[in-house]
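S.K.: Mind having a look at this structure? Questions to follow.
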Amino acid sequence: MAAHFDLVVRGGTLADGTGGALFEADVAVQDGRIAEIGRVAGAGREEIDASGLLVTPGFVDIHTHYDGQATWDDRFNPSSGHGVTTVLMGNCGVGFAPCRPEDRETLMSVMEGVEDIPEIVMREGLPWNWQSFPDYLEALGQRRCDIDFATQVPHAPLRVFVMGRRGVDREPATAEDMAQMAALVTEGLEAGALGFSTSRSLFHRRPDGALTPTITAAEEELSAIARAMGRAGKGVIQLLDDFQDTDDEGSTEFAMLRRLVAQSRRPLSFTLLDLSVYPGRWQTLLREVERANRDGLAIRGQVAARPVAILYGLELSFHPFSTCPSYREVAELPLAQKLARLRDPSLRARLLKEEPVYSNPNMLAFMRNVANMFVLGDPPNYTPPAEQRLDARAAALGVTPLELAYDLLVSGDGRTILFQPGANYTGCSDASMASMLRHENTVMALGDGGAHYGMICDASYTTHALTYWTRDREGERWPLSWTVQQLTDVPARAVGLGDRGRLGPGYKADLNLIDFDRLRIAAPHPVHNLPGGGRRLEQKAEGYRATIVAGAITYREGAATGALPGRLVRGAR
């Protein structure tokens, strides 16, 4: 029989991204698009028997930081190993374009401090074959990768490009500065950026402790950019904010977001978390989101599908003793030698007594909050019970949490990972996270792939969402079709990518074939495969029978096929 299609996936159980009931059907693919769904009579040049498998659209992660990795690697690991077929980068106001040669060191410093990307990795990996933002998109447009990728115009490099040292030092922008920034954002949108991003979080600091360029930018500066986006009629706004002025009555920072959306007439999303240091703040912010949408202002909260946690270990970027003065004696030793020294009782006694020294006070406070840490384990448990927390375990053993943390880190082969849920697990409960995720004005996101190489590994949240919320959670579980919709159609439409996220004729042929009962996440582990021998955390999954991008099979049983159909996505679809 002559082939009618490039590929036919036969007999799978489809969760088509609309949130409707699961159904059994074939999927025919031609020229990178879905050609037919149902009982497909025509043959495919290649066919896959999907009997007993869940067939979904490819997942869309709208919050990543692959801005650098996209220029030196053709694989978006770890995201592409977890069913993700499209990523949006350029979030939180950080990135590498626009950039003059004399400002490269500054932008690398910002990325090192904010996103935990080692300087050597950027120095060895970035080709810097651009200056303007359109130049950067031209460079990305030459790349051939395993998945599709899109980007936004980030505020920090924009500000430095326009203002130079004044921008780095966070001086107020002049009227001329603001006009130029607005024009450059418009230029970026016209060239294909999906939006503009910024950060107002005090957690975002350079390695020397200095705040990043955007943190204290005046509303007038953001308004100039918002108005330009309104004139262009393009783009989304993404923002990270601590909302430190929030109380039960509301937030003046959020009031500013309302004004930006009103001025731009463009959608805005921001990171929404149940932070353990600000319990209950998420409820106030979510009420503000509801009110904004009732008033016709398109504002969404980006919510993580599992506790947002920092990972600590002897092979990772940080642990509770990594910034103690005496630790410098062993910091650069190979693991085996480091372990031998750390097991010396005299060094142990010194490190337990010493006060750590670090330039970022917020990060330092997290690192030393040992009582709220857990051992991650393998397979990893992201919602462990309170009795497994280090303070509870230490009390049962008659030691301090700091002593227990030390002994756990140096136990066994020295590869123990301590897990500290800083958000979405207040009181060792997932209830607030569930409330945020189920809200109609939120979107599942915050994979952060391409960043935090040695301290966070949340790009596997897509697999976690499917396994935990629909299959393994104790108590209420969510419909599988609804959860698939939150990973596909909802994020795609939130950023204007209406050509993907669903299984239907004419949609992009991005699919996952999943053995749902076998779906599992392995523990993260460090690998040294970045430029300059840099380290990052990798995390594998089991149960993805195949991942398909634009009709090409990119992964089979988690192994790369060599196909690289992924391309830069320019503009809304």
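For the structure tokens, the naming scheme is as follows: chains receive sequential letters (A, B, ...) according to their order of presentation, residues are indexed from 1 within each chain, and ligands are indexed from 1 in presentation order.
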Using only C-alpha atoms, find each residue of segment 416-451 of chain A with at least one atom at most 10 Å away from an atom of segment 44-64 of chain A; report its shortest atom-to-atom pair and that distance in Å (one decimal), sort the rows by chain and rising residue number, and return the result as JSON lines.
M.R.:
```
{"residue": "A:Val443", "atom": "CA", "partner": "A:Ile62", "partner_atom": "CA", "distance": 9.3}
{"residue": "A:Met444", "atom": "CA", "partner": "A:Asp61", "partner_atom": "CA", "distance": 8.3}
{"residue": "A:Ala445", "atom": "CA", "partner": "A:His63", "partner_atom": "CA", "distance": 5.9}
{"residue": "A:Leu446", "atom": "CA", "partner": "A:His63", "partner_atom": "CA", "distance": 4.9}
{"residue": "A:Gly447", "atom": "CA", "partner": "A:His63", "partner_atom": "CA", "distance": 6.0}
{"residue": "A:Asp448", "atom": "CA", "partner": "A:Thr64", "partner_atom": "CA", "distance": 4.2}
{"residue": "A:Gly449", "atom": "CA", "partner": "A:Thr64", "partner_atom": "CA", "distance": 4.9}
{"residue": "A:Gly450", "atom": "CA", "partner": "A:Thr64", "partner_atom": "CA", "distance": 6.5}
{"residue": "A:Ala451", "atom": "CA", "partner": "A:Thr64", "partner_atom": "CA", "distance": 7.6}
```
S.K.: Residues within 8 Å of segment 517-531 of chain A, please, as a count of residues only. Count only C-alpha atoms; anything in the same chain fewer than 6 positions from it doesn't count.
M.R.: 26
S.K.: Skipping near chain neighbours, those fewer than 3 positions away, what residues fall within 7 Å of Arg227 of chain A using only C-alpha atoms, listed as a list in words?
M.R.: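 Here the qualifying residues turn out to be Ser223, Ala224, Gly230, Arg231, Gln263 and Ser264 of chain A.
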S.K.: Which neighbours of segment 331-346 of chain A fall inside 10 Å, counting only C-alpha atoms, when residues of the same chain fewer than 4 positions from it are skipped, and could you give them as a PDB file with C-alpha atoms, in the first residue's frame?
M.R.:
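Saved to out_32.pdb:
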```pdb
ATOM      1  CA  LEU A 314      28.891  18.160  48.242  1.00  0.00           C
ATOM      2  CA  GLU A 315      28.865  18.019  44.427  1.00  0.00           C
ATOM      3  CA  SER A 322      29.872  25.657  51.684  1.00  0.00           C
ATOM      4  CA  THR A 323      30.321  29.319  52.647  1.00  0.00           C
ATOM      5  CA  SER A 326      37.215  26.573  56.800  1.00  0.00           C
ATOM      6  CA  TYR A 327      35.400  24.860  53.949  1.00  0.00           C
ATOM      7  CA  ARG A 350      35.289  23.785  63.245  1.00  0.00           C
ATOM      8  CA  LEU A 351      32.648  23.821  60.525  1.00  0.00           C
ATOM      9  CA  TYR A 406      26.703  17.457  58.279  1.00  0.00           C
ATOM     10  CA  ASP A 407      26.630  13.736  58.997  1.00  0.00           C
ATOM     11  CA  LEU A 409      26.296  14.971  53.672  1.00  0.00           C
ATOM     12  CA  VAL A 410      29.427  12.982  54.489  1.00  0.00           C
ATOM     13  CA  SER A 411      27.680   9.615  54.761  1.00  0.00           C
ATOM     14  CA  GLY A 412      27.993   6.831  52.216  1.00  0.00           C
ATOM     15  CA  ASP A 413      29.536   7.907  48.931  1.00  0.00           C
ATOM     16  CA  GLY A 414      29.033  11.619  49.693  1.00  0.00           C
ATOM     17  CA  ARG A 415      26.288  12.034  47.111  1.00  0.00           C
TER      18      ARG A 415
END
```
S.K.: Just how far from atom CA of Ala217 of chain A is atom CA of Gly90 of chain A, in Å to one decimal?
M.R.: 18.2 Å
